[in-house]
Amino acid sequence: MKSSKIVRLCMMAMLSAIAVVLVMMYRTPLLAAAPYMEYDMADIPVLIATMMFGIFPGLAVLLLVSVIQAFLLGGNSWMGLIMHFVASGTLVIIVGLFHCKADKRWKTILGMVLGTLGMAAVMIPMNLILTPIFLGQAIKDVIAMLIPVIIPFNLLKAGINCAITFVLMAILNPIIKKNPQIFSACNIK
């Protein structure tokens, strides 16, 4: 039992490290209208942690990655930390709720779709509140960016990360099923 906990903690640490490496290695703009909004794959290991171990371990990995990204990798300091944790945390919670209760893959897919929509939706008030405070932009400018930039970016980012995570979890599922003592929280049936 104790060794299973140690293995889980080590796997969570490895997933956190992978997320940080992905942020360092791969950042790219998704929309030509907003090249400063960069896509990264950090949420993929976070979602994998959620689907393997549950919502709270997924949130723990997300918090660690968000802090490292915000303060060590130029992620806009406090604003980046708050926005990343709230946005990806919404995705983690919704995907985790559907996946952990799921006995069918379509429920996990539904959770990913709803999580993607939830992430995009929560970023609307986050941008309206935090962007004027931290970046000094006028609220009217942020409102003007919602439909052409902010909402599509978040839908694309979350959708791509969910799709890649689903494929990776399908590949990992045989290993997860063979080791229920380690991966007891969640797995795709």
# chains A, B, ... in the order shown; residues from 1 in each chain; ligands from 1
$ residues_around --residues "stretch 41-58 of chain A" --least-positions-apart "6" --cutoff "10 Å" --atoms "only C-alpha atoms" --output "PyMOL selection string"
chain A and resi 8-9+11-28+65-66+69+84+88-89+91-100+108+112+157-158+160-166+168-169+172-173+176+182-188
$ select_by_dssp --residues "stretch 60-184 of chain A" --states "alpha helix (DSSP H)" --output "number ranges by chain"
A: 60-72, 77-101, 105-135, 139-145, 151-178
$ closest_residue --among "A:Lys5, A:Leu30, A:Asn179, A:Ala170" --to "A:Ile109" --atoms "only C-alpha atoms"
A:Ala170
